[in-house]
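Undergrad: This one is data28.cif, mmCIF, C-alpha atoms.
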```cif
data_model
#
loop_
_atom_site.label_atom_id
_atom_site.label_comp_id
_atom_site.auth_asym_id
_atom_site.auth_seq_id
_atom_site.Cartn_x
_atom_site.Cartn_y
_atom_site.Cartn_z
CA MET A 25 0.00 0.00 0.00
CA VAL A 26 1.34 3.43 -0.96
CA ARG A 27 2.01 5.73 1.98
CA ARG A 28 -0.30 8.66 2.14
CA GLN A 29 1.41 11.98 2.48
CA LEU A 30 0.08 15.44 2.91
CA SER A 31 0.70 17.67 -0.10
CA ARG A 32 3.23 20.44 0.22
CA ASP A 33 0.53 23.07 -0.27
CA TYR A 34 -1.60 21.63 2.53
CA CYS A 35 1.35 21.27 4.89
CA ASP A 36 2.51 24.82 4.31
CA HIS A 37 -1.02 26.10 4.87
CA GLU A 38 -1.37 24.06 8.05
CA VAL A 39 1.92 25.35 9.43
CA MET A 40 1.10 28.97 8.68
CA GLU A 41 -2.38 28.67 10.19
CA GLN A 42 -0.91 27.39 13.44
CA VAL A 43 1.84 30.03 13.35
CA ASN A 44 -0.78 32.78 13.11
CA ASN A 45 -2.86 31.40 15.97
CA ALA A 46 -0.24 30.19 18.45
CA TYR A 47 1.18 32.40 21.20
CA LEU A 48 4.95 32.27 20.91
CA PRO A 49 7.97 34.25 22.09
CA VAL A 50 8.69 36.94 19.52
CA PHE A 51 12.27 35.83 19.03
CA ALA A 52 11.25 32.22 18.38
CA PHE A 53 8.58 33.34 15.92
CA PHE A 54 10.92 35.35 13.72
CA HIS A 55 13.67 32.75 14.00
CA MET A 56 11.27 30.07 12.74
CA CYS A 57 9.94 32.27 9.93
CA GLN A 58 13.48 32.76 8.72
CA TYR A 59 13.72 29.01 8.22
CA LEU A 60 10.20 28.52 6.89
CA PHE A 61 10.66 31.00 4.07
CA ASN A 62 14.16 29.93 3.10
CA VAL A 63 13.90 29.62 -0.70
CA GLY A 64 14.24 26.13 -2.20
CA ALA A 65 14.13 24.06 1.04
CA SER A 66 11.28 21.93 2.36
CA TYR A 67 9.73 23.13 5.58
CA ARG A 68 10.19 19.82 7.36
CA CYS A 69 13.92 19.92 6.69
CA GLN A 70 13.94 23.44 8.12
CA LEU A 71 11.99 22.31 11.17
CA ARG A 72 14.54 19.57 11.79
CA ASP A 73 17.26 22.21 11.79
CA VAL A 74 15.29 24.44 14.16
CA ALA A 75 14.67 21.53 16.53
CA ALA A 76 18.42 21.35 17.11
CA GLU A 77 18.77 25.06 18.02
CA SER A 78 19.58 25.08 21.73
CA ILE A 79 18.56 28.73 22.10
CA LEU A 80 14.96 27.76 21.25
CA LEU A 81 14.69 25.03 23.89
CA ASP A 82 12.49 27.07 26.20
CA CYS A 83 10.31 24.42 27.87
CA THR A 84 10.72 21.16 29.78
CA LEU A 85 8.82 17.90 29.40
CA ASN A 86 8.91 15.59 32.41
CA PHE A 87 8.02 11.99 31.56
CA GLY A 88 6.60 10.20 34.56
CA MET A 89 6.79 6.74 32.98
CA ASP A 90 10.58 6.61 32.73
CA GLY A 91 11.55 9.63 34.84
CA CYS A 92 13.31 11.37 31.94
CA THR A 93 13.37 15.11 31.32
CA VAL A 94 13.52 16.55 27.81
CA ARG A 95 14.14 20.16 26.82
CA ALA A 96 12.17 21.26 23.75
CA SER A 97 10.90 24.24 21.80
CA THR A 98 7.44 25.49 22.72
CA PHE A 99 7.01 26.65 19.15
CA LEU A 100 7.85 23.26 17.69
CA LEU A 101 5.63 21.38 20.14
CA ALA A 102 2.74 23.78 19.47
CA LEU A 103 3.03 23.11 15.75
CA CYS A 104 3.09 19.33 16.00
CA SER A 105 0.53 18.80 18.76
CA PRO A 106 -2.68 20.72 19.51
CA VAL A 107 -2.70 19.06 22.94
CA LEU A 108 0.76 20.34 23.85
CA ARG A 109 -0.06 23.70 22.32
CA THR A 110 -3.00 24.04 24.72
CA MET A 111 -0.88 22.92 27.67
CA LEU A 112 2.10 25.17 26.93
CA CYS A 113 0.45 28.19 25.30
CA GLY A 114 -2.96 28.31 26.95
CA ALA A 115 -4.25 29.12 30.41
CA PHE A 116 -2.87 25.98 32.03
CA THR A 117 -0.29 26.07 34.82
CA GLU A 118 2.22 24.47 32.45
CA ALA A 119 2.16 27.59 30.25
CA SER A 120 3.34 29.90 33.02
CA LYS A 121 5.97 27.48 34.32
CA GLY A 122 7.31 26.50 30.91
CA LYS A 123 7.07 22.80 31.66
CA ALA A 124 4.62 19.94 31.26
CA GLU A 125 4.15 16.66 33.06
CA ILE A 126 3.69 13.80 30.57
CA GLU A 127 2.21 10.62 32.01
CA GLU A 128 1.56 7.21 30.42
CA VAL A 129 4.01 7.84 27.56
CA SER A 130 7.76 7.25 27.75
CA SER A 131 10.26 9.81 26.53
CA VAL A 132 11.67 7.33 23.98
CA VAL A 133 8.27 6.68 22.40
CA PHE A 134 7.30 10.36 22.39
CA LEU A 135 10.56 11.39 20.73
CA LYS A 136 10.07 8.76 18.03
CA ALA A 137 6.60 10.18 17.32
CA LEU A 138 8.14 13.66 17.14
CA ASP A 139 10.87 12.39 14.82
CA LEU A 140 8.23 10.99 12.46
CA TRP A 141 6.42 14.32 12.46
CA LEU A 142 9.72 15.99 11.53
CA GLY A 143 10.18 13.56 8.65
CA ARG A 144 12.97 11.55 10.22
CA ARG A 145 13.34 7.79 9.97
CA ILE A 146 12.93 5.79 13.17
CA SER A 147 13.88 2.25 14.11
CA VAL A 148 11.48 -0.06 15.94
CA ASP A 149 12.04 -3.61 17.15
CA SER A 150 8.46 -4.85 16.90
CA VAL A 151 4.94 -4.06 15.77
CA GLU A 152 4.05 -3.47 19.42
CA GLU A 153 6.62 -0.69 19.62
CA LEU A 154 5.28 0.85 16.41
CA VAL A 155 1.79 0.75 17.90
CA ALA A 156 3.14 2.40 21.07
CA VAL A 157 4.43 5.27 18.92
CA GLY A 158 1.00 5.47 17.35
CA VAL A 159 -0.66 5.60 20.76
CA ALA A 160 1.57 8.55 21.69
CA ALA A 161 0.85 10.33 18.41
CA ASP A 162 -2.88 9.75 18.85
CA ARG A 163 -2.82 10.98 22.44
CA PHE A 164 -1.17 14.24 21.41
CA GLY A 165 -3.19 14.77 18.25
CA MET A 166 -0.35 14.26 15.75
CA ARG A 167 -2.71 13.46 12.89
CA SER A 168 -0.12 13.21 10.11
CA VAL A 169 1.94 10.75 12.19
CA CYS A 170 -1.13 8.55 12.76
CA GLU A 171 -1.81 8.50 9.03
CA LEU A 172 1.79 7.58 8.28
CA LEU A 173 1.73 4.76 10.83
CA GLU A 174 -1.59 3.50 9.46
CA ALA A 175 -0.08 3.19 5.98
CA SER A 176 3.06 1.56 7.38
CA ILE A 177 1.18 -1.06 9.38
CA CYS A 178 -1.05 -1.87 6.40
CA GLU A 179 2.08 -2.44 4.33
CA MET A 180 3.49 -4.73 7.03
CA ILE A 181 0.23 -6.72 7.09
CA GLY A 182 0.58 -7.30 3.36
CA ASN A 183 4.00 -8.82 3.92
CA ASP A 184 3.28 -10.89 7.05
CA THR A 185 -0.08 -12.43 7.89
CA ASN A 186 1.02 -13.02 11.49
CA ILE A 187 1.04 -9.25 11.92
CA ALA A 188 -2.55 -9.22 10.67
CA VAL A 189 -3.53 -11.61 13.47
CA MET A 190 -1.63 -9.49 15.98
CA CYS A 191 -3.54 -6.40 14.88
CA LEU A 192 -6.88 -8.17 15.28
CA ASP A 193 -5.84 -9.06 18.82
CA MET A 194 -5.25 -5.37 19.64
CA GLN A 195 -8.92 -4.43 19.81
CA ASN A 196 -8.53 -2.10 22.81
CA SER A 197 -5.51 -0.27 21.47
CA PHE A 198 -4.61 2.45 19.00
CA VAL A 199 -4.96 -0.08 16.16
CA SER A 200 -8.70 -0.43 16.75
CA ARG A 201 -9.11 3.24 15.77
CA LEU A 202 -7.32 2.76 12.45
CA GLU A 203 -10.08 1.65 10.10
CA LYS A 204 -7.76 0.79 7.23
CA VAL A 205 -5.51 -1.33 9.45
CA GLU A 206 -8.46 -3.19 10.92
CA GLU A 207 -9.92 -3.87 7.46
CA SER A 208 -6.54 -4.90 6.00
CA ALA A 209 -5.94 -7.27 8.91
CA ARG A 210 -9.39 -8.81 8.57
CA ILE A 211 -8.98 -9.38 4.82
CA ALA A 212 -5.51 -10.91 5.29
CA VAL A 213 -6.77 -13.36 7.91
CA VAL A 214 -9.87 -14.28 5.86
CA ASP A 215 -7.70 -14.90 2.78
CA ASN A 216 -5.22 -17.06 4.72
CA PHE A 217 -7.52 -18.67 7.26
CA SER A 218 -6.68 -22.25 6.30
CA SER A 219 -3.04 -21.87 7.38
CA LEU A 220 -3.58 -19.34 10.18
CA SER A 221 -6.30 -21.46 11.79
CA LYS A 222 -3.60 -23.90 12.89
CA SER A 223 -1.62 -21.26 14.76
CA GLU A 224 -1.93 -20.61 18.47
CA GLN A 225 -1.83 -16.86 17.83
CA LEU A 226 -5.29 -16.82 16.26
CA CYS A 227 -6.68 -18.42 19.42
CA GLU A 228 -5.75 -15.25 21.32
CA VAL A 229 -8.08 -13.07 19.23
CA PRO A 230 -11.31 -11.98 21.06
CA ALA A 231 -14.42 -14.07 20.40
CA HIS A 232 -16.41 -11.21 18.82
CA VAL A 233 -13.64 -10.71 16.26
CA ILE A 234 -13.53 -14.44 15.49
CA SER A 235 -17.30 -14.31 14.99
CA CYS A 236 -16.93 -11.59 12.34
CA LEU A 237 -14.28 -13.64 10.54
CA LEU A 238 -16.27 -16.88 10.50
CA GLU A 239 -19.45 -15.30 9.16
CA SER A 240 -17.63 -14.15 6.01
CA ASP A 241 -18.51 -15.84 2.73
CA ASP A 242 -14.97 -15.07 1.55
CA LEU A 243 -13.30 -17.23 4.23
CA ARG A 244 -10.70 -19.36 2.44
CA VAL A 245 -10.47 -22.88 3.86
CA GLY A 246 -9.48 -26.32 2.63
CA GLY A 247 -12.88 -27.48 3.82
CA GLU A 248 -15.46 -26.55 6.43
CA GLU A 249 -13.71 -29.04 8.68
CA ASP A 250 -10.93 -26.45 9.07
CA VAL A 251 -13.43 -24.09 10.71
CA LEU A 252 -14.78 -26.72 13.08
CA GLU A 253 -11.34 -27.94 14.12
CA PHE A 254 -10.17 -24.38 14.67
CA LEU A 255 -13.13 -23.76 16.97
CA ALA A 256 -12.19 -26.89 18.93
CA ARG A 257 -8.69 -25.52 19.48
CA TYR A 258 -10.09 -22.07 20.25
CA CYS A 259 -12.42 -23.56 22.84
CA ALA A 260 -9.62 -25.58 24.44
CA SER A 261 -7.33 -22.56 24.65
CA ARG A 262 -10.05 -20.49 26.33
CA GLY A 263 -10.90 -23.23 28.78
CA ASP A 264 -14.61 -22.54 28.54
CA ASN A 265 -16.95 -24.26 26.06
CA LYS A 266 -19.68 -21.69 26.65
CA GLU A 267 -17.66 -19.06 24.81
CA VAL A 268 -17.73 -21.19 21.65
CA VAL A 269 -21.42 -22.04 21.53
CA GLY A 270 -22.28 -18.80 19.69
CA LEU A 271 -19.38 -19.28 17.26
CA VAL A 272 -20.61 -22.74 16.27
CA ASP A 273 -23.55 -21.02 14.57
CA HIS A 274 -21.11 -19.92 11.86
CA VAL A 275 -20.05 -23.49 11.04
CA ARG A 276 -21.71 -24.76 7.86
CA PHE A 277 -22.38 -28.33 8.87
CA GLY A 278 -24.34 -29.00 5.68
CA VAL A 279 -21.18 -29.12 3.57
CA MET A 280 -19.48 -31.70 5.81
CA SER A 281 -20.04 -35.42 5.52
CA ARG A 282 -22.17 -37.24 8.06
CA GLU A 283 -19.32 -39.69 8.63
CA TYR A 284 -16.96 -36.89 9.62
CA LEU A 285 -19.48 -35.35 11.99
CA GLU A 286 -20.25 -38.66 13.64
CA SER A 287 -16.63 -39.71 14.08
CA ASN A 288 -14.95 -36.39 14.89
CA ALA A 289 -17.16 -33.37 15.48
CA CYS A 290 -19.00 -34.47 18.59
CA SER A 291 -15.87 -35.61 20.37
CA LEU A 292 -14.11 -32.32 19.58
CA PHE A 293 -16.54 -30.31 21.68
CA SER A 294 -17.52 -32.82 24.33
CA GLY A 295 -21.20 -32.56 23.54
CA VAL A 296 -21.52 -28.97 22.35
CA VAL A 297 -21.60 -29.86 18.65
CA ARG A 298 -23.91 -32.84 19.31
CA LEU A 299 -26.47 -30.44 20.75
CA CYS A 300 -26.13 -28.18 17.72
CA VAL A 301 -26.49 -31.06 15.23
CA GLU A 302 -29.49 -32.44 17.04
#
```
Mind turning this structure into structure tokens?

TA:
Amino acid sequence: MVRRQLSRDYCDHEVMEQVNNAYLPVFAFFHMCQYLFNVGASYRCQLRDVAAESILLDCTLNFGMDGCTVRASTFLLALCSPVLRTMLCGAFTEASKGKAEIEEVSSVVFLKALDLWLGRRISVDSVEELVAVGVAADRFGMRSVCELLEASICEMIGNDTNIAVMCLDMQNSFVSRLEKVEESARIAVVDNFSSLSKSEQLCEVPAHVISCLLESDDLRVGGEEDVLEFLARYCASRGDNKEVVGLVDHVRFGVMSREYLESNACSLFSGVVRLCVE
């Protein structure tokens, strides 16, 4: 999937709109404008240069999660995050003290989200870490970063179906708010259900998500027996047959042979399937 990027015209307009509305020290304002209007250079490259100017580091971010303190530019933070702009430039206590207390996000994750906003490359060790960066970006309203991460995760799903399963298992996280990621993950699992149904990872996905997968007419399986046997493993991994009873409704028993049902199905569910067949 091609990464979506904001057009130069939109980005420049967005930056200037925030510049006009944000309260900033006069010196920082004119210093930034000097970079923004430098002929022939992209504004994100200029912002990266400004981020390194020590004279503009006029506020402090204290990260409660890891106890780290980071010096930053109020101007830069106000541009990238409407949340931080309100905290540092509004009527909050943080604005008068020039510092903000950041809870539930580590300094490492926040700085990676900021690096992405500045157009820098970041390194992550896992999808979970990438999602953590997305959570930080979402918390602070970094819309363009969220869009970039959405495109990146969709691309990763296309290359690794195990990542698709992992994303389906993250229903209470940042991923659940990315519609394209959720849809890409669902399609990948539906298209590869026959092989994925044998993995333990799919058994960790919530029951309501499994229900949505099994009701699909596009589910690709070697035979309906794959669905039934997956549900048996799913039930065993959950340790509670009651959770599977509703899922059995999605099994198309009519396309399976009577011999298979009599010799295998009933024993798989210790009576649950027998009740359904009867």

Undergrad: Interatomic distance between CA of Leu252 in chain A and CA of Val275 in chain A?

TA: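 The value is 6.5 Å.
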
Undergrad: If we count all atoms listed in the file and set the cut-off at 12 Å, which residues sit around range 149-166 of chain A, ignoring sequence neighbours fewer than 3 positions away in its own chain? Please answer as a PyMOL selection string.

TA: chain A and resi 101-111+126-142+146+169-181+184+186-191+193-194+196-202+205

Undergrad: Between CA of Gln225 in chain A and CA of Met280 in chain A, what is the distance, to one decimal in Å?

TA: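 Computing it gives 26.0 Å between the two atoms.
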
Undergrad: Between CA of Arg257 in chain A and CA of Glu228 in chain A, what is the distance in Å, rounded to a tenth?

TA: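 Interatomic distance, CA of Arg257 in chain A to CA of Glu228 in chain A: 10.8 Å.
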
Undergrad: For a cutoff of 8 Å around the file-coordinate point (-7.4, -11.2, 21.4), which residues qualify once you count only C-alpha atoms? I'd like the result as a ChimeraX atom specification.

TA: /A:192-195,226-231

Undergrad: Please evaluate the PyMOL selection byres ((chain A and resi 237) around 12) against the structure above and give the resulting residues as a count of residues only.

TA: 34

Undergrad: Take the PyMOL selection byres ((chain A and resi 83) around 7), run it mentally on this structure, and tell me the resulting residues as a PDB file with C-alpha atoms, in the frame of the given file.

TA:
```pdb
ATOM      1  CA  LEU A  81      14.690  25.030  23.890  1.00  0.00           C
ATOM      2  CA  ASP A  82      12.490  27.070  26.200  1.00  0.00           C
ATOM      3  CA  THR A  84      10.720  21.160  29.780  1.00  0.00           C
ATOM      4  CA  LEU A  85       8.820  17.900  29.400  1.00  0.00           C
ATOM      5  CA  ARG A  95      14.140  20.160  26.820  1.00  0.00           C
ATOM      6  CA  ALA A  96      12.170  21.260  23.750  1.00  0.00           C
ATOM      7  CA  SER A  97      10.900  24.240  21.800  1.00  0.00           C
ATOM      8  CA  THR A  98       7.440  25.490  22.720  1.00  0.00           C
ATOM      9  CA  GLY A 122       7.310  26.500  30.910  1.00  0.00           C
ATOM     10  CA  LYS A 123       7.070  22.800  31.660  1.00  0.00           C
TER      11      LYS A 123
END
```

Undergrad: Nearest residue to Val279 in chain A out of A:Asp90, A:Thr185, A:Cys259, A:Glu249, using all atoms listed in the file?

TA: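 Among the listed residues, A:Glu249 lies closest to Val279 in chain A.
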
Undergrad: Looking at all atoms listed in the file, which of A:Glu224, A:Glu203, A:Glu248, A:Glu286 is the one that sits closest to Ser261 in chain A?

TA: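 Closest to Ser261 in chain A, using all atoms listed in the file: A:Glu224.
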